[in-house]
$ cat upload-v3.txt   # compact mmCIF, C-alpha atoms and all ligand atoms
# COMPACT_ATOMS: atom_id res chain seq x y z
CA MET A 1 -20.71 -9.05 -72.52
CA SER A 2 -18.57 -5.99 -71.77
CA ALA A 3 -14.85 -6.61 -72.16
CA LEU A 4 -14.42 -4.73 -68.87
CA PHE A 5 -16.11 -7.47 -66.86
CA LYS A 6 -14.64 -10.94 -66.65
CA THR A 7 -17.14 -12.38 -64.21
CA GLU A 8 -20.79 -12.23 -63.30
CA ALA A 9 -21.73 -10.19 -60.25
CA TYR A 10 -21.99 -12.35 -57.13
CA PHE A 11 -22.77 -12.19 -53.41
CA ARG A 12 -20.16 -12.98 -50.80
CA PRO A 13 -19.79 -12.53 -47.03
CA MET A 14 -18.53 -9.12 -45.87
CA HIS A 15 -14.97 -8.90 -44.49
CA GLU A 16 -13.01 -6.43 -42.37
CA ASP A 17 -11.14 -5.48 -45.57
CA ASP A 18 -14.41 -4.07 -47.00
CA LEU A 19 -15.01 -1.56 -44.21
CA ASP A 20 -13.29 1.47 -45.74
CA VAL A 21 -15.02 1.09 -49.10
CA MET A 22 -18.42 0.48 -47.53
CA ALA A 23 -18.12 3.47 -45.20
CA ALA A 24 -17.23 5.63 -48.23
CA ILE A 25 -20.21 4.31 -50.24
CA ASP A 26 -22.56 4.80 -47.29
CA TYR A 27 -21.33 8.37 -46.94
CA ALA A 28 -22.18 8.97 -50.61
CA ALA A 29 -25.54 7.16 -50.44
CA TYR A 30 -27.12 8.55 -47.24
CA PRO A 31 -27.40 11.93 -45.53
CA PHE A 32 -26.88 10.08 -42.21
CA PRO A 33 -24.52 7.22 -43.08
CA TRP A 34 -23.33 4.25 -41.09
CA THR A 35 -19.74 4.49 -39.92
CA ARG A 36 -16.89 2.04 -40.43
CA GLY A 37 -17.48 1.04 -36.80
CA ASN A 38 -21.16 0.25 -37.42
CA PHE A 39 -20.19 -2.21 -40.15
CA GLY A 40 -17.34 -3.66 -38.06
CA ASP A 41 -19.68 -4.18 -35.12
CA SER A 42 -22.18 -5.93 -37.40
CA ILE A 43 -19.54 -8.40 -38.57
CA ALA A 44 -18.31 -8.92 -34.99
CA SER A 45 -21.89 -9.52 -33.82
CA GLY A 46 -22.30 -12.35 -36.30
CA TYR A 47 -24.97 -10.63 -38.34
CA SER A 48 -25.62 -11.85 -41.86
CA CYS A 49 -23.40 -9.36 -43.73
CA TRP A 50 -23.14 -9.49 -47.52
CA VAL A 51 -21.29 -7.75 -50.30
CA TYR A 52 -22.46 -7.64 -53.91
CA GLN A 53 -19.31 -7.73 -56.01
CA HIS A 54 -18.47 -7.48 -59.70
CA ASP A 55 -14.79 -7.90 -60.52
CA GLU A 56 -13.01 -5.40 -58.26
CA PHE A 57 -16.13 -3.28 -57.73
CA ILE A 58 -18.36 -3.38 -54.66
CA LEU A 59 -21.83 -2.77 -56.11
CA GLY A 60 -23.57 -2.84 -52.76
CA TYR A 61 -23.80 -4.43 -49.35
CA ALA A 62 -26.40 -5.47 -46.82
CA VAL A 63 -26.60 -6.29 -43.13
CA MET A 64 -29.34 -8.54 -41.77
CA MET A 65 -29.94 -9.87 -38.28
CA LEU A 66 -31.21 -13.44 -38.08
CA ALA A 67 -32.67 -14.41 -34.71
CA ALA A 68 -35.70 -16.14 -33.25
CA GLN A 69 -37.00 -17.27 -36.65
CA GLU A 70 -37.04 -13.66 -37.86
CA ALA A 71 -34.88 -11.73 -40.31
CA HIS A 72 -34.37 -8.01 -39.69
CA LEU A 73 -32.83 -6.06 -42.54
CA LEU A 74 -30.64 -3.34 -41.00
CA ASN A 75 -28.95 -1.94 -44.11
CA ILE A 76 -29.17 -2.47 -47.85
CA THR A 77 -27.28 -0.13 -50.12
CA VAL A 78 -26.49 -0.12 -53.80
CA ALA A 79 -23.60 2.24 -54.62
CA PRO A 80 -24.99 5.41 -56.25
CA ASN A 81 -23.46 4.76 -59.69
CA TRP A 82 -25.01 1.26 -59.79
CA GLN A 83 -28.52 2.21 -58.66
CA GLY A 84 -31.57 1.84 -60.89
CA GLN A 85 -30.19 -1.18 -62.79
CA GLY A 86 -31.91 -4.00 -60.93
CA LYS A 87 -29.14 -4.53 -58.38
CA GLY A 88 -31.28 -3.70 -55.37
CA ARG A 89 -33.97 -6.12 -56.48
CA ALA A 90 -31.40 -8.89 -57.07
CA PHE A 91 -29.86 -8.22 -53.66
CA MET A 92 -33.25 -8.41 -51.93
CA LEU A 93 -33.97 -11.75 -53.63
CA HIS A 94 -30.61 -13.04 -52.32
CA LEU A 95 -31.40 -11.85 -48.79
CA LEU A 96 -34.84 -13.45 -48.89
CA GLU A 97 -33.21 -16.73 -49.89
CA VAL A 98 -30.72 -16.44 -47.01
CA ALA A 99 -33.59 -15.74 -44.61
CA ARG A 100 -35.57 -18.73 -45.92
CA ASN A 101 -32.52 -20.98 -45.58
CA TYR A 102 -32.29 -19.86 -41.94
CA ALA A 103 -35.97 -20.87 -41.67
CA ALA A 104 -37.08 -17.33 -40.82
CA GLU A 105 -40.84 -17.02 -40.73
CA ALA A 106 -40.78 -13.34 -41.73
CA MET A 107 -38.46 -10.53 -42.78
CA PHE A 108 -38.83 -7.06 -41.26
CA LEU A 109 -37.32 -3.77 -42.34
CA GLU A 110 -37.65 -0.05 -41.71
CA VAL A 111 -37.76 2.59 -44.41
CA ARG A 112 -38.12 6.34 -44.53
CA PRO A 113 -41.53 7.51 -45.84
CA THR A 114 -39.63 9.79 -48.25
CA ASN A 115 -37.63 6.89 -49.75
CA THR A 116 -40.03 6.15 -52.58
CA VAL A 117 -37.60 4.00 -54.60
CA ALA A 118 -36.94 1.64 -51.68
CA ARG A 119 -40.61 1.56 -50.65
CA ARG A 120 -41.69 0.68 -54.19
CA LEU A 121 -39.08 -2.08 -54.37
CA TYR A 122 -40.15 -3.61 -51.06
CA HIS A 123 -43.83 -3.37 -51.97
CA LYS A 124 -43.22 -5.11 -55.31
CA LEU A 125 -41.41 -7.89 -53.46
CA GLY A 126 -44.43 -8.49 -51.24
CA PHE A 127 -43.60 -6.48 -48.12
CA ASP A 128 -46.57 -4.96 -46.30
CA HIS A 129 -46.62 -1.76 -44.29
CA ILE A 130 -47.40 -2.94 -40.74
CA ALA A 131 -46.59 -0.02 -38.43
CA VAL A 132 -44.97 3.37 -38.03
CA ARG A 133 -42.14 4.11 -35.63
CA LYS A 134 -42.49 7.79 -34.73
CA ASP A 135 -39.51 10.14 -35.04
CA TYR A 136 -37.10 7.30 -35.77
CA TYR A 137 -34.71 8.76 -38.36
CA PRO A 138 -32.72 11.98 -38.11
CA ILE A 139 -33.28 14.61 -40.80
CA PRO A 140 -31.46 17.94 -41.11
CA ASN A 141 -34.16 19.84 -39.21
CA GLY A 142 -35.52 17.22 -36.82
CA ARG A 143 -36.76 13.64 -37.05
CA GLU A 144 -38.67 11.54 -39.57
CA ASP A 145 -40.89 8.51 -38.91
CA ALA A 146 -39.94 5.01 -40.01
CA ILE A 147 -42.35 2.75 -41.85
CA ILE A 148 -42.01 -0.82 -40.62
CA MET A 149 -42.58 -3.43 -43.32
CA ARG A 150 -42.90 -7.20 -43.10
CA LYS A 151 -42.91 -10.05 -45.57
CA GLU A 152 -44.00 -13.45 -44.38
CA LEU A 153 -41.85 -16.35 -45.54
CA PRO A 154 -44.03 -19.42 -45.70
CA HIS A 155 -42.26 -22.77 -45.70
CA ALA A 156 -43.48 -25.82 -47.53
C1 LIG B 1 -33.09 1.45 -52.49
C2 LIG B 1 -32.03 0.72 -53.32
C3 LIG B 1 -31.40 -0.38 -52.47
C4 LIG B 1 -32.72 0.08 -54.55
O1 LIG B 1 -31.73 -0.50 -55.34
P1 LIG B 1 -31.63 -0.16 -56.92
O2 LIG B 1 -30.60 -1.05 -57.48
O3 LIG B 1 -31.46 1.30 -57.07
O4 LIG B 1 -33.09 -0.54 -57.41
P2 LIG B 1 -33.49 -1.49 -58.64
O5 LIG B 1 -32.80 -0.98 -59.87
O6 LIG B 1 -33.30 -2.90 -58.26
O7 LIG B 1 -35.02 -1.12 -58.78
C5 LIG B 1 -35.97 -1.59 -57.89
C6 LIG B 1 -37.31 -1.00 -58.24
O8 LIG B 1 -37.31 0.37 -57.87
C7 LIG B 1 -37.73 1.16 -58.98
N1 LIG B 1 -36.74 2.21 -59.17
C8 LIG B 1 -35.40 2.08 -59.17
N2 LIG B 1 -34.82 3.29 -59.34
C9 LIG B 1 -35.84 4.18 -59.44
C10 LIG B 1 -35.91 5.57 -59.62
N3 LIG B 1 -34.79 6.33 -59.70
N4 LIG B 1 -37.12 6.16 -59.65
C11 LIG B 1 -38.23 5.41 -59.55
N5 LIG B 1 -38.24 4.09 -59.39
C12 LIG B 1 -37.06 3.48 -59.33
C13 LIG B 1 -37.82 0.34 -60.20
O9 LIG B 1 -39.13 0.49 -60.70
C14 LIG B 1 -37.58 -1.07 -59.73
O10 LIG B 1 -38.74 -1.81 -59.89
P3 LIG B 1 -38.76 -3.02 -60.98
O11 LIG B 1 -37.84 -4.09 -60.44
O12 LIG B 1 -40.17 -3.46 -61.02
O13 LIG B 1 -38.27 -2.41 -62.26
C15 LIG B 1 -30.94 1.70 -53.83
O14 LIG B 1 -31.52 2.68 -54.65
C16 LIG B 1 -30.15 2.37 -52.72
O15 LIG B 1 -29.17 1.82 -52.23
N6 LIG B 1 -30.57 3.58 -52.33
C17 LIG B 1 -29.84 4.35 -51.32
C18 LIG B 1 -29.84 3.66 -49.98
C19 LIG B 1 -31.23 3.25 -49.54
O16 LIG B 1 -32.17 4.03 -49.65
N7 LIG B 1 -31.34 2.02 -49.05
C20 LIG B 1 -32.59 1.50 -48.55
C21 LIG B 1 -32.84 1.97 -47.17
S1 LIG B 1 -34.37 1.32 -46.50

$ encode --input "upload-v3.txt" --output "structure tokens"
Amino acid sequence: MSALFKTEAYFRPMHEDDLDVMAAIDYAAYPFPWTRGNFGDSIASGYSCWVYQHDEFILGYAVMMLAAQEAHLLNITVAPNWQGQGKGRAFMLHLLEVARNYAAEAMFLEVRPTNTVARRLYHKLGFDHIAVRKDYYPIPNGREDAIIMRKELPHA
């Protein structure tokens, strides 16, 4: 194990204290980032808000809405310098466990057609493309569709 890291990475609930760091990571990770206020509103709304932490580093964060036996993933981000190392996959497995513990019957998410890394990850985890939301996301010169994906969460 690296001498730099004293602990394993772990998931914990998001706090107000995280807002500045998350807004900075989102700014680095997306052309159209969430603001500090978007994250604050998510916490205040009681959404399922998680931080992936390793020692003092925030590796990533996610916001999920749990309602009416459904889980809706609103944001999942791995900080750019931690991407491509299995963190996104581990985070998704954590969120699926949270959704199952809530007794959600399915998880839904939206993804840009151009986001091939995220789409591949979701597909490998069993999400199916179920619909397209036209002109959903902003892009520099207009709008881009969203692909809506769903994974059913059968319960024993
Ligand atoms: C999408 C995102 C959450 C994935 O997290 P990650 O930690 O980078 O991805 P992982 O390392 O867990 O890899 C997941 C899969 O994607 C693939 N992948 C990862 N990086 C890749 C790359 N640069 N090119 C091609 N495939 C890649 C891998 O094949 C991997 O599959 P595997 O588990 O079978 O090996 C992360 O890249 C991210 O935050 N991106 C910016 C924000 C974003 O797009 N969020 C999602 C919005 S819907």

$ residues_near_ligand --input "upload-v3.txt" --ligand "ligand LIG 1 (chain B)" --cutoff "6 Å" --atoms "all atoms listed in the file" --output "number ranges by chain"
A: 29, 76-78, 83-89, 110-111, 117-118, 120-121

$ closest_atom_pairs --input "upload-v3.txt" --of "stretch 95-142 of chain A" --to "stretch 34-54 of chain A" --cutoff "10 Å" --atoms "only C-alpha atoms" --output "JSON lines"
{"residue": "A:Leu95", "atom": "CA", "partner": "A:Trp50", "partner_atom": "CA", "distance": 8.7}
{"residue": "A:Val98", "atom": "CA", "partner": "A:Ser48", "partner_atom": "CA", "distance": 8.6}
{"residue": "A:Ala99", "atom": "CA", "partner": "A:Ser48", "partner_atom": "CA", "distance": 9.3}

$ residues_around --input "upload-v3.txt" --residues "A:Arg100" --least-positions-apart "4" --cutoff "10 Å" --atoms "only C-alpha atoms" --output "ChimeraX atom specification"
/A:69-71,94-96,104-107,153-155

$ atom_distance --input "upload-v3.txt" --atom1 "atom CA of A:Leu66" --atom2 "atom CA of A:Ile139"
28.3 Å

$ atom_distance --input "upload-v3.txt" --atom1 "atom CA of A:Phe108" --atom2 "atom CA of A:Glu152"
8.8 Å

$ closest_residue --input "upload-v3.txt" --among "A:Gly126, A:Pro80, A:Gly60, A:Pro140" --to "A:Asp18" --atoms "only C-alpha atoms"
A:Gly60

$ atom_distance --input "upload-v3.txt" --atom1 "atom CA of A:Asp26" --atom2 "atom CA of A:Trp82"
13.2 Å

$ residues_around --input "upload-v3.txt" --residues "A:Leu74" --least-positions-apart "5" --cutoff "7 Å" --atoms "all atoms listed in the file" --output "mmCIF file with C-alpha atoms, keeping the file's coordinate frame"
data_model
loop_
_atom_site.group_PDB
_atom_site.id
_atom_site.type_symbol
_atom_site.label_atom_id
_atom_site.label_comp_id
_atom_site.auth_asym_id
_atom_site.auth_seq_id
_atom_site.Cartn_x
_atom_site.Cartn_y
_atom_site.Cartn_z
ATOM 1 C CA VAL A 63 -26.600 -6.290 -43.130
ATOM 2 C CA MET A 64 -29.340 -8.540 -41.770
ATOM 3 C CA LEU A 109 -37.320 -3.770 -42.340
#

$ axis_aligned_box --input "upload-v3.txt" --around "stretch 133-145 of chain A" --padding-each-side "8 Å" --output "lines of an AutoDock Vina configuration file"
center_x = -37.0
center_y = 12.0
center_z = -37.9
size_x = 27.0
size_y = 31.7
size_z = 22.4

$ closest_residue --input "upload-v3.txt" --among "A:Tyr30, A:Met65, A:Asn81, A:Ile58" --to "A:Arg112" --atoms "all atoms listed in the file"
A:Tyr30

$ closest_residue --input "upload-v3.txt" --among "A:Asn101, A:Ala62, A:Asn75, A:Met149" --to "A:Ala131" --atoms "all atoms listed in the file"
A:Met149

$ build_atoms --input "upload-v3.txt" --residues "stretch 65-76 of chain A" --atoms "all heavy atoms" --output "compact mmCIF listing (two decimals), in the frame of the given file"
# COMPACT_ATOMS: atom_id res chain seq x y z
N MET A 65 -30.03 -9.15 -39.54
CA MET A 65 -29.94 -9.87 -38.28
C MET A 65 -30.90 -11.06 -38.36
O MET A 65 -32.08 -10.87 -38.70
CB MET A 65 -30.34 -8.93 -37.14
CG MET A 65 -30.09 -9.47 -35.77
SD MET A 65 -30.27 -8.16 -34.53
CE MET A 65 -32.00 -7.76 -34.72
N LEU A 66 -30.39 -12.23 -38.07
CA LEU A 66 -31.21 -13.44 -38.08
C LEU A 66 -31.31 -13.95 -36.65
O LEU A 66 -30.28 -14.30 -36.05
CB LEU A 66 -30.58 -14.52 -38.97
CG LEU A 66 -30.41 -14.16 -40.45
CD1 LEU A 66 -29.59 -15.23 -41.16
CD2 LEU A 66 -31.78 -14.00 -41.12
N ALA A 67 -32.49 -13.95 -36.10
CA ALA A 67 -32.67 -14.41 -34.71
C ALA A 67 -34.13 -14.77 -34.50
O ALA A 67 -35.02 -14.12 -35.07
CB ALA A 67 -32.26 -13.32 -33.72
N ALA A 68 -34.34 -15.77 -33.67
CA ALA A 68 -35.70 -16.14 -33.25
C ALA A 68 -36.65 -16.31 -34.43
O ALA A 68 -37.78 -15.79 -34.42
CB ALA A 68 -36.25 -15.11 -32.26
N GLN A 69 -36.18 -17.00 -35.45
CA GLN A 69 -37.00 -17.27 -36.65
C GLN A 69 -37.46 -16.01 -37.35
O GLN A 69 -38.48 -16.00 -38.05
CB GLN A 69 -38.22 -18.15 -36.31
CG GLN A 69 -37.93 -19.63 -36.27
CD GLN A 69 -37.08 -20.00 -35.08
OE1 GLN A 69 -37.46 -19.75 -33.95
NE2 GLN A 69 -35.91 -20.57 -35.34
N GLU A 70 -36.72 -14.90 -37.15
CA GLU A 70 -37.04 -13.66 -37.86
C GLU A 70 -35.78 -13.11 -38.51
O GLU A 70 -34.67 -13.28 -37.99
CB GLU A 70 -37.59 -12.60 -36.89
CG GLU A 70 -38.97 -12.93 -36.35
CD GLU A 70 -39.48 -11.86 -35.40
OE1 GLU A 70 -38.72 -10.93 -35.08
OE2 GLU A 70 -40.64 -11.97 -34.99
N ALA A 71 -35.97 -12.45 -39.64
CA ALA A 71 -34.88 -11.73 -40.31
C ALA A 71 -35.19 -10.25 -40.23
O ALA A 71 -36.31 -9.82 -40.55
CB ALA A 71 -34.79 -12.17 -41.77
N HIS A 72 -34.22 -9.46 -39.76
CA HIS A 72 -34.37 -8.01 -39.69
C HIS A 72 -33.31 -7.38 -40.57
O HIS A 72 -32.11 -7.51 -40.29
CB HIS A 72 -34.23 -7.52 -38.25
CG HIS A 72 -35.37 -7.90 -37.38
ND1 HIS A 72 -36.38 -7.04 -37.02
CD2 HIS A 72 -35.70 -9.10 -36.83
CE1 HIS A 72 -37.26 -7.66 -36.28
NE2 HIS A 72 -36.88 -8.92 -36.15
N LEU A 73 -33.77 -6.71 -41.62
CA LEU A 73 -32.83 -6.06 -42.54
C LEU A 73 -32.42 -4.71 -41.94
O LEU A 73 -33.27 -3.84 -41.71
CB LEU A 73 -33.49 -5.87 -43.89
CG LEU A 73 -32.62 -5.29 -45.00
CD1 LEU A 73 -31.39 -6.16 -45.25
CD2 LEU A 73 -33.43 -5.15 -46.29
N LEU A 74 -31.13 -4.55 -41.67
CA LEU A 74 -30.64 -3.34 -41.00
C LEU A 74 -30.05 -2.34 -42.00
O LEU A 74 -30.03 -1.14 -41.73
CB LEU A 74 -29.59 -3.71 -39.95
CG LEU A 74 -30.02 -4.73 -38.90
CD1 LEU A 74 -28.88 -5.01 -37.92
CD2 LEU A 74 -31.26 -4.26 -38.16
N ASN A 75 -29.53 -2.83 -43.10
CA ASN A 75 -28.95 -1.94 -44.11
C ASN A 75 -28.94 -2.67 -45.44
O ASN A 75 -28.54 -3.84 -45.50
CB ASN A 75 -27.50 -1.58 -43.71
CG ASN A 75 -26.87 -0.51 -44.59
OD1 ASN A 75 -27.07 -0.48 -45.80
ND2 ASN A 75 -26.09 0.38 -43.98
N ILE A 76 -29.41 -2.01 -46.47
CA ILE A 76 -29.17 -2.47 -47.85
C ILE A 76 -28.85 -1.24 -48.67
O ILE A 76 -29.59 -0.24 -48.63
CB ILE A 76 -30.34 -3.27 -48.46
CG1 ILE A 76 -29.98 -3.65 -49.91
CG2 ILE A 76 -31.66 -2.53 -48.38
CD1 ILE A 76 -30.90 -4.68 -50.55
